[in-house]
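Let me begin by presenting the structure, written as structure tokens, before commenting on it.
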Amino acid sequence: MAMAQRDEADRLASSPAGKLKPGKPKITEEMRANARANPNSWLYVIDEAFDPDGPVPSWAVVGAYPVNGAGEIVEDFHPNDRYRPSPKALGFPEPRNELEQLLQLVRTNHRPAADLPRVFLDSTLFIYALSPFQRTVIGFHNTDGRVLVPAYTAKALVPREWPHARAVAGRDMVPLLAGHPVTINPHDRLTAIVGSEHLDKALSDERR
């Protein structure tokens with residue numbers, strides 16, 4: 001499995017790493033109040049997806065501001081090198097379904113790409129169709145000659161130039177792939193390529 005970005009209907013390019021680190025956190029009045037109550041300390045900034053009053057993993061700490069003896073925040077932010085921003089912190093849109101949520105978590109290194117096949121099976125995908133009655137899958141060649149089957153997590157993402165798009169359960173696609181990989185949301189910011197062998201394994205694992 002590999003992350004990838006579809007830049008044209010019949011082309012596929014490697015996804016750029018992109019900027020996955022937000023800027024320096026803005027100091028809020030609540031943070032200043034906290035600092036006044038805790039002079040000569042550090043003010044730790046937690047990723048907004050986590051409850052600061054609950055258990056917070058070390059990689060969810062954005063970084064820390066020093067607090068001086070007067071309880072004032074010193075604007076000398078110390079970023080946490082281990083911080084992994086959540087999709088929410090990066091301003092990703094609210095996911096419409098479990099597969100979109102997982103794509104966001106994989107992109108931000110909160111979940112492994114190996115989790116994709118299982119969720120794919122239980123998802124509804126929109127695939128290319130020449131007519132509303134078609135019951136096969138259609139793939140497109142990418143730049144290195146491989147055939148990839150595009151599948152979208154929402155009808156709103158389907159290219160306008162497609163004649164039709166039909167909704168199909170991920171598990172029903174697997175026997176029709178003939179060994180070709182699926183490219184999920186190839187025109188979107190968050191995309192992935194899932195090999196048919198991984199989907200076959202996910203199906204067989206279910207039957208055990």
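Residue numbering restarts at 1 for every chain of the structure tokens, chains are lettered A, B, ... in their displayed order, and ligands are numbered from 1 as they appear.
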
Who sits within 7 Å of His78 in chain A, only C-alpha atoms, same chain under 5 positions skipped, as a CSV table (one decimal) with C-alpha atoms, in the first residue's frame:
chain,number,residue,atom,x,y,z
A,63,GLY,CA,5.2,22.1,22.6
A,64,ALA,CA,5.6,24.4,25.6
A,65,TYR,CA,6.0,28.1,26.5

Do you have the CA of Leu121 in chain A-CA of Gly145 in chain A distance handy? 26.2 Å

What's around range 34-47 of chain A at 9 Å? Count only C-alpha atoms, leave out sequence neighbours fewer than 2 positions away in its own chain, and write the answer as a ChimeraX atom specification. /A:25,29-32,49-52,56,60-73,83-86,88-89

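If only C-alpha atoms are the atoms counted, then among A:Ala154, A:Ala113, A:Pro163, A:Gln101 the closest residue to Ala129 in chain A is A:Pro163.
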